[in-house]
Amino acid sequence: MGVLVSGRGSNLQALLDACVGDFPARVACVISNVPGAHALVRAGLAGVPAVVLPHSGRDRATYDAELRAALANHGVLPGSGIVCLAGFMRVLGPAFLEGWPVINVHPALLPAFPGLHGPRQALAGGVTQAGATVHLVDGGVDTGPILGQATVPVLPDDTEETLSARILPFEHRLFVQGLRQVAEGRVVVEGHRARIDLRPGESRWLGAP
Ligand code: GAR
């Protein structure tokens, strides 16, 4: 699989840490649209090829084609490859999405609070439950069939930072689980719903203790 990133890379790290032993996927390359993203350092430390592909000055179709070519250069190909968006802050067009599953993680209980700053939006919205979602990407902004979700409480004194920190470990767990399910061919999409052949001990919903 290829992992696309834009920032700190904690979700990338969760995937790198998971991809050992009999885990059914390996990270073939990490591509960042942001030069200097810390995720690139994590890729280097893990011995995974890291590519910087800035999007500035390109239209969407051109950039998406460059991304596909970079993934192909590392053996991530339609038909067998998987693409993970681990904090990749750019919308991908339909031509990019064709031919392989694309998995995204988002720090909110979708379909609420898509786009930027999910936890900030949750606080502003006054909700009592926030959370994380892992889903297949369908061309919208944080839309597409949901693989798994986690809820965490919003506490009275929460800031964006404290709420984000409460959500983040659930993102990591959900992302690894969703990737495993996709890689093992246990996900079937029917309309907007993902049906998953769950293994013992798996749940599509995770809640805070
Ligand atoms: C994560 O919280 C991820 O869910 C979010 O960016 C952060 C990246 O952190 N993605 C989105 O908001 C996508 N709309 P990370 O670089 O440490 O994985």
# chains A, B, ... in the order shown; residues from 1 in each chain; ligands from 1

$ residues_around --residues "stretch 161-164 of chain A" --least-positions-apart "6" --cutoff "12 Å" --atoms "only C-alpha atoms" --output "compact mmCIF listing (two decimals) with all heavy atoms, in the first residue's frame"
# COMPACT_ATOMS: atom_id res chain seq x y z
N HIS A 106 -10.58 10.15 9.93
CA HIS A 106 -11.04 11.51 10.20
C HIS A 106 -11.41 11.65 11.68
O HIS A 106 -12.06 10.75 12.23
CB HIS A 106 -12.26 11.82 9.32
CG HIS A 106 -12.76 13.22 9.49
ND1 HIS A 106 -12.09 14.32 8.99
CD2 HIS A 106 -13.85 13.71 10.15
CE1 HIS A 106 -12.74 15.42 9.32
NE2 HIS A 106 -13.81 15.08 10.02
N PRO A 107 -11.05 12.80 12.29
CA PRO A 107 -11.27 12.95 13.73
C PRO A 107 -12.66 13.50 14.08
O PRO A 107 -12.77 14.52 14.79
CB PRO A 107 -10.16 13.92 14.14
CG PRO A 107 -10.00 14.80 12.95
CD PRO A 107 -10.25 13.92 11.75
N ALA A 108 -13.70 12.84 13.60
CA ALA A 108 -15.07 13.23 13.95
C ALA A 108 -15.99 12.06 13.64
O ALA A 108 -15.60 11.12 12.93
CB ALA A 108 -15.52 14.47 13.16
N HIS A 117 -10.34 20.44 10.95
CA HIS A 117 -10.58 20.73 12.36
C HIS A 117 -11.84 20.06 12.91
O HIS A 117 -12.71 20.74 13.49
CB HIS A 117 -10.65 22.25 12.57
CG HIS A 117 -9.52 23.01 11.98
ND1 HIS A 117 -8.20 22.77 12.30
CD2 HIS A 117 -9.48 23.99 11.03
CE1 HIS A 117 -7.41 23.58 11.62
NE2 HIS A 117 -8.15 24.32 10.82
N GLY A 118 -11.94 18.76 12.74
CA GLY A 118 -13.10 18.03 13.27
C GLY A 118 -13.36 18.28 14.74
O GLY A 118 -14.49 18.62 15.13
N PRO A 119 -12.34 18.12 15.62
CA PRO A 119 -12.58 18.36 17.05
C PRO A 119 -13.00 19.80 17.34
O PRO A 119 -13.86 20.05 18.19
CB PRO A 119 -11.22 18.02 17.68
CG PRO A 119 -10.60 17.04 16.72
CD PRO A 119 -11.02 17.53 15.35
N ARG A 120 -12.43 20.77 16.63
CA ARG A 120 -12.81 22.17 16.83
C ARG A 120 -14.28 22.36 16.46
O ARG A 120 -15.04 23.04 17.16
CB ARG A 120 -11.93 23.09 15.98
CG ARG A 120 -12.13 24.56 16.26
CD ARG A 120 -11.39 25.45 15.27
NE ARG A 120 -9.94 25.21 15.26
CZ ARG A 120 -9.09 25.84 14.45
NH1 ARG A 120 -9.54 26.74 13.57
NH2 ARG A 120 -7.80 25.58 14.49
N GLN A 121 -14.69 21.74 15.36
CA GLN A 121 -16.09 21.84 14.94
C GLN A 121 -17.02 21.19 15.97
O GLN A 121 -18.11 21.69 16.22
CB GLN A 121 -16.28 21.15 13.59
CG GLN A 121 -15.61 21.79 12.41
CD GLN A 121 -16.02 21.08 11.12
OE1 GLN A 121 -17.20 21.04 10.77
NE2 GLN A 121 -15.05 20.51 10.44
N ALA A 122 -16.57 20.05 16.53
CA ALA A 122 -17.40 19.37 17.52
C ALA A 122 -17.60 20.25 18.76
O ALA A 122 -18.71 20.35 19.30
CB ALA A 122 -16.76 18.04 17.91
N LEU A 123 -16.52 20.90 19.20
CA LEU A 123 -16.64 21.80 20.35
C LEU A 123 -17.58 22.95 20.04
O LEU A 123 -18.46 23.30 20.85
CB LEU A 123 -15.26 22.33 20.75
CG LEU A 123 -14.33 21.35 21.47
CD1 LEU A 123 -12.95 21.96 21.65
CD2 LEU A 123 -14.91 20.92 22.80
N VAL A 127 -21.63 19.41 20.94
CA VAL A 127 -22.03 18.02 21.10
C VAL A 127 -21.42 17.44 22.37
O VAL A 127 -20.42 17.96 22.88
CB VAL A 127 -21.62 17.18 19.87
CG1 VAL A 127 -22.36 17.66 18.63
CG2 VAL A 127 -20.11 17.24 19.63
N THR A 128 -22.00 16.36 22.87
CA THR A 128 -21.48 15.71 24.07
C THR A 128 -20.64 14.49 23.74
O THR A 128 -19.98 13.93 24.61
CB THR A 128 -22.62 15.28 24.99
OG1 THR A 128 -23.46 14.36 24.28
CG2 THR A 128 -23.44 16.48 25.44
N GLN A 129 -20.74 14.04 22.49
CA GLN A 129 -19.94 12.90 22.03
C GLN A 129 -19.18 13.33 20.78
O GLN A 129 -19.79 13.85 19.84
CB GLN A 129 -20.83 11.71 21.67
CG GLN A 129 -21.60 11.13 22.84
CD GLN A 129 -20.75 10.22 23.70
OE1 GLN A 129 -19.89 9.51 23.19
NE2 GLN A 129 -20.99 10.25 25.00
N ALA A 130 -17.89 13.09 20.79
CA ALA A 130 -17.09 13.30 19.58
C ALA A 130 -16.51 11.94 19.20
O ALA A 130 -16.89 10.92 19.76
CB ALA A 130 -16.00 14.33 19.84
N GLY A 131 -15.58 11.94 18.23
CA GLY A 131 -15.03 10.64 17.91
C GLY A 131 -14.20 10.62 16.65
O GLY A 131 -13.69 11.65 16.19
N ALA A 132 -14.05 9.41 16.12
CA ALA A 132 -13.22 9.18 14.94
C ALA A 132 -13.95 8.25 13.99
O ALA A 132 -14.79 7.45 14.41
CB ALA A 132 -11.89 8.55 15.36
N THR A 151 -16.43 6.55 19.64
CA THR A 151 -16.94 7.74 20.31
C THR A 151 -16.13 8.02 21.57
O THR A 151 -15.69 7.09 22.25
CB THR A 151 -18.42 7.59 20.73
OG1 THR A 151 -18.56 6.38 21.48
CG2 THR A 151 -19.31 7.55 19.52
N VAL A 152 -15.92 9.28 21.83
CA VAL A 152 -15.32 9.71 23.09
C VAL A 152 -16.18 10.84 23.65
O VAL A 152 -16.80 11.59 22.88
CB VAL A 152 -13.85 10.19 22.93
CG1 VAL A 152 -12.98 9.14 22.26
CG2 VAL A 152 -13.79 11.50 22.17
N PRO A 153 -16.21 10.99 24.97
CA PRO A 153 -17.01 12.08 25.54
C PRO A 153 -16.34 13.42 25.32
O PRO A 153 -15.11 13.52 25.25
CB PRO A 153 -17.06 11.74 27.03
CG PRO A 153 -15.83 10.92 27.27
CD PRO A 153 -15.57 10.15 26.00
N VAL A 154 -17.16 14.45 25.20
CA VAL A 154 -16.64 15.82 25.24
C VAL A 154 -16.80 16.30 26.68
O VAL A 154 -17.91 16.30 27.22
CB VAL A 154 -17.42 16.75 24.28
CG1 VAL A 154 -16.87 18.17 24.35
CG2 VAL A 154 -17.35 16.21 22.85
N LEU A 155 -15.68 16.68 27.31
CA LEU A 155 -15.72 17.07 28.72
C LEU A 155 -15.84 18.59 28.83
O LEU A 155 -15.46 19.33 27.91
CB LEU A 155 -14.46 16.57 29.42
CG LEU A 155 -14.27 15.04 29.34
CD1 LEU A 155 -12.99 14.62 30.07
CD2 LEU A 155 -15.49 14.30 29.89
N PHE A 170 -7.92 6.35 19.20
CA PHE A 170 -9.00 5.60 18.53
C PHE A 170 -8.84 5.64 17.01
O PHE A 170 -9.14 4.67 16.32
CB PHE A 170 -10.37 6.13 18.96
CG PHE A 170 -10.70 5.80 20.38
CD1 PHE A 170 -10.45 6.70 21.39
CD2 PHE A 170 -11.24 4.56 20.72
CE1 PHE A 170 -10.72 6.39 22.72
CE2 PHE A 170 -11.52 4.24 22.03
CZ PHE A 170 -11.26 5.16 23.04
N GLU A 171 -8.37 6.78 16.50
CA GLU A 171 -8.06 6.83 15.06
C GLU A 171 -7.08 5.74 14.70
O GLU A 171 -7.25 5.01 13.71
CB GLU A 171 -7.44 8.19 14.69
CG GLU A 171 -8.34 9.38 14.82
CD GLU A 171 -7.68 10.63 14.25
OE1 GLU A 171 -6.97 10.52 13.23
OE2 GLU A 171 -7.87 11.70 14.82

$ residues_around --residues "stretch 175-181 of chain A" --least-positions-apart "5" --cutoff "10 Å" --atoms "only C-alpha atoms" --output "ChimeraX atom specification"
/A:1,11-12,14-19,23-25,82-86,101-106,132-136,146-149,169-170,186-187,196-199,202-204

$ select_by_dssp --residues "stretch 12-91 of chain A" --states "strand (DSSP E)" --output "ChimeraX atom specification"
/A:29-32,50-52,83-86

$ closest_residue --among "A:Pro156, A:Pro114, A:Gly47, A:Pro35" --to "ligand 1" --atoms "only C-alpha atoms and all ligand atoms"
A:Pro114

$ select_by_dssp --residues "stretch 104-135 of chain A" --states "alpha helix (DSSP H)" --output "number ranges by chain"
A: 118-125

$ write_last_selection --atoms "N, CA and C atoms" --output "PDB file, in the first residue's frame"
ATOM      1  N   GLY A 118     -11.940  18.762  12.745  1.00  0.00           N
ATOM      2  CA  GLY A 118     -13.101  18.030  13.266  1.00  0.00           C
ATOM      3  C   GLY A 118     -13.357  18.277  14.742  1.00  0.00           C
ATOM      4  N   PRO A 119     -12.342  18.118  15.620  1.00  0.00           N
ATOM      5  CA  PRO A 119     -12.583  18.356  17.045  1.00  0.00           C
ATOM      6  C   PRO A 119     -13.005  19.799  17.339  1.00  0.00           C
ATOM      7  N   ARG A 120     -12.425  20.768  16.628  1.00  0.00           N
ATOM      8  CA  ARG A 120     -12.812  22.173  16.833  1.00  0.00           C
ATOM      9  C   ARG A 120     -14.282  22.362  16.464  1.00  0.00           C
ATOM     10  N   GLN A 121     -14.687  21.744  15.356  1.00  0.00           N
ATOM     11  CA  GLN A 121     -16.087  21.842  14.937  1.00  0.00           C
ATOM     12  C   GLN A 121     -17.017  21.193  15.966  1.00  0.00           C
ATOM     13  N   ALA A 122     -16.575  20.055  16.527  1.00  0.00           N
ATOM     14  CA  ALA A 122     -17.402  19.369  17.525  1.00  0.00           C
ATOM     15  C   ALA A 122     -17.605  20.247  18.762  1.00  0.00           C
ATOM     16  N   LEU A 123     -16.524  20.901  19.195  1.00  0.00           N
ATOM     17  CA  LEU A 123     -16.639  21.798  20.352  1.00  0.00           C
ATOM     18  C   LEU A 123     -17.576  22.952  20.044  1.00  0.00           C
ATOM     19  N   ALA A 124     -17.408  23.543  18.865  1.00  0.00           N
ATOM     20  CA  ALA A 124     -18.256  24.680  18.487  1.00  0.00           C
ATOM     21  C   ALA A 124     -19.711  24.247  18.350  1.00  0.00           C
ATOM     22  N   GLY A 125     -19.911  22.982  17.955  1.00  0.00           N
ATOM     23  CA  GLY A 125     -21.264  22.470  17.780  1.00  0.00           C
ATOM     24  C   GLY A 125     -21.943  22.097  19.083  1.00  0.00           C
TER      25      GLY A 125
END

$ closest_residue --among "A:Glu98, A:Asp142, A:Asp22, A:Asp64" --to "ligand 1" --atoms "only C-alpha atoms and all ligand atoms"
A:Asp142

$ atom_distance --atom1 "atom 11 (C, counted along the ligand's line) of ligand 1" --atom2 "atom CA of A:Ala72"
24.6 Å

$ residues_around --residues "A:Arg42" --least-positions-apart "5" --cutoff "10 Å" --atoms "only C-alpha atoms" --output "MDAnalysis selection string"
chainID A and resid 8:10 12:13 16 30 37 47:48 50

$ write_last_selection --atoms "all heavy atoms" --output "compact mmCIF listing (two decimals), in the first residue's frame"
# COMPACT_ATOMS: atom_id res chain seq x y z
N ARG A 8 2.06 15.43 10.74
CA ARG A 8 2.84 14.83 11.83
C ARG A 8 3.02 13.33 11.68
O ARG A 8 4.02 12.75 12.09
CB ARG A 8 2.10 15.23 13.11
CG ARG A 8 1.99 14.29 14.22
CD ARG A 8 1.02 14.83 15.24
NE ARG A 8 -0.36 14.50 14.88
CZ ARG A 8 -1.40 14.67 15.67
NH1 ARG A 8 -1.25 15.20 16.85
NH2 ARG A 8 -2.59 14.31 15.25
N GLY A 9 2.03 12.65 11.14
CA GLY A 9 2.22 11.24 10.79
C GLY A 9 1.99 10.24 11.90
O GLY A 9 2.50 9.12 11.84
N SER A 10 1.17 10.59 12.91
CA SER A 10 0.94 9.60 13.96
C SER A 10 0.11 8.43 13.43
O SER A 10 0.30 7.28 13.84
CB SER A 10 0.27 10.23 15.18
OG SER A 10 -1.08 10.52 14.93
N LEU A 12 0.23 7.39 10.28
CA LEU A 12 1.22 6.62 9.52
C LEU A 12 1.99 5.70 10.46
O LEU A 12 2.21 4.52 10.16
CB LEU A 12 2.20 7.56 8.81
CG LEU A 12 3.48 6.89 8.29
CD1 LEU A 12 3.16 5.92 7.17
CD2 LEU A 12 4.49 7.94 7.85
N GLN A 13 2.40 6.23 11.61
CA GLN A 13 3.18 5.42 12.57
C GLN A 13 2.38 4.21 13.02
O GLN A 13 2.94 3.10 13.15
CB GLN A 13 3.57 6.29 13.78
CG GLN A 13 4.59 5.62 14.67
CD GLN A 13 5.94 5.49 13.96
OE1 GLN A 13 6.49 6.46 13.48
NE2 GLN A 13 6.47 4.27 13.89
N LEU A 16 2.62 1.75 10.23
CA LEU A 16 3.96 1.16 10.17
C LEU A 16 4.15 0.13 11.28
O LEU A 16 4.69 -0.95 11.06
CB LEU A 16 5.03 2.26 10.30
CG LEU A 16 5.20 3.19 9.10
CD1 LEU A 16 6.05 4.40 9.47
CD2 LEU A 16 5.82 2.45 7.92
N VAL A 30 5.64 6.22 1.23
CA VAL A 30 4.92 7.31 1.88
C VAL A 30 5.08 8.53 1.00
O VAL A 30 6.21 8.86 0.60
CB VAL A 30 5.48 7.58 3.29
CG1 VAL A 30 4.87 8.82 3.90
CG2 VAL A 30 5.25 6.36 4.19
N ALA A 37 7.17 17.62 6.15
CA ALA A 37 6.21 16.99 7.06
C ALA A 37 6.93 15.96 7.93
O ALA A 37 7.75 15.18 7.44
CB ALA A 37 5.09 16.33 6.26
N GLY A 47 12.58 2.87 7.35
CA GLY A 47 13.20 2.31 6.16
C GLY A 47 12.26 2.21 4.97
O GLY A 47 12.48 1.41 4.07
N VAL A 48 11.23 3.06 4.96
CA VAL A 48 10.25 3.04 3.88
C VAL A 48 10.53 4.22 2.95
O VAL A 48 10.79 5.34 3.42
CB VAL A 48 8.82 3.16 4.47
CG1 VAL A 48 7.79 3.37 3.39
CG2 VAL A 48 8.49 1.91 5.28
N ALA A 50 10.29 7.49 0.99
CA ALA A 50 9.47 8.68 1.23
C ALA A 50 9.61 9.62 0.05
O ALA A 50 10.73 9.89 -0.40
CB ALA A 50 9.91 9.36 2.52

$ closest_residue --among "A:Leu53, A:Cys29, A:Ala183, A:Ala43" --to "A:Gly75" --atoms "only C-alpha atoms"
A:Cys29

$ closest_residue --among "A:Val188, A:Ala194, A:Leu97, A:Val91" --to "A:Pro145" --atoms "only C-alpha atoms"
A:Ala194

$ residues_around --residues "A:Ala95" --least-positions-apart "2" --cutoff "12 Å" --atoms "only C-alpha atoms" --output "PyMOL selection string"
chain A and resi 60-68+78+91-93+97-100+138-139

$ closest_residue --among "A:Val27, A:Asn73, A:Gly7, A:Ser56" --to "ligand 1" --atoms "only C-alpha atoms and all ligand atoms"
A:Gly7

$ atom_distance --atom1 "atom CA of A:Val76" --atom2 "atom CA of A:Arg26"
10.4 Å

$ closest_residue --among "A:Pro49, A:Gly44, A:Gly115, A:Gly191" --to "A:Gly140" --atoms "only C-alpha atoms"
A:Gly115
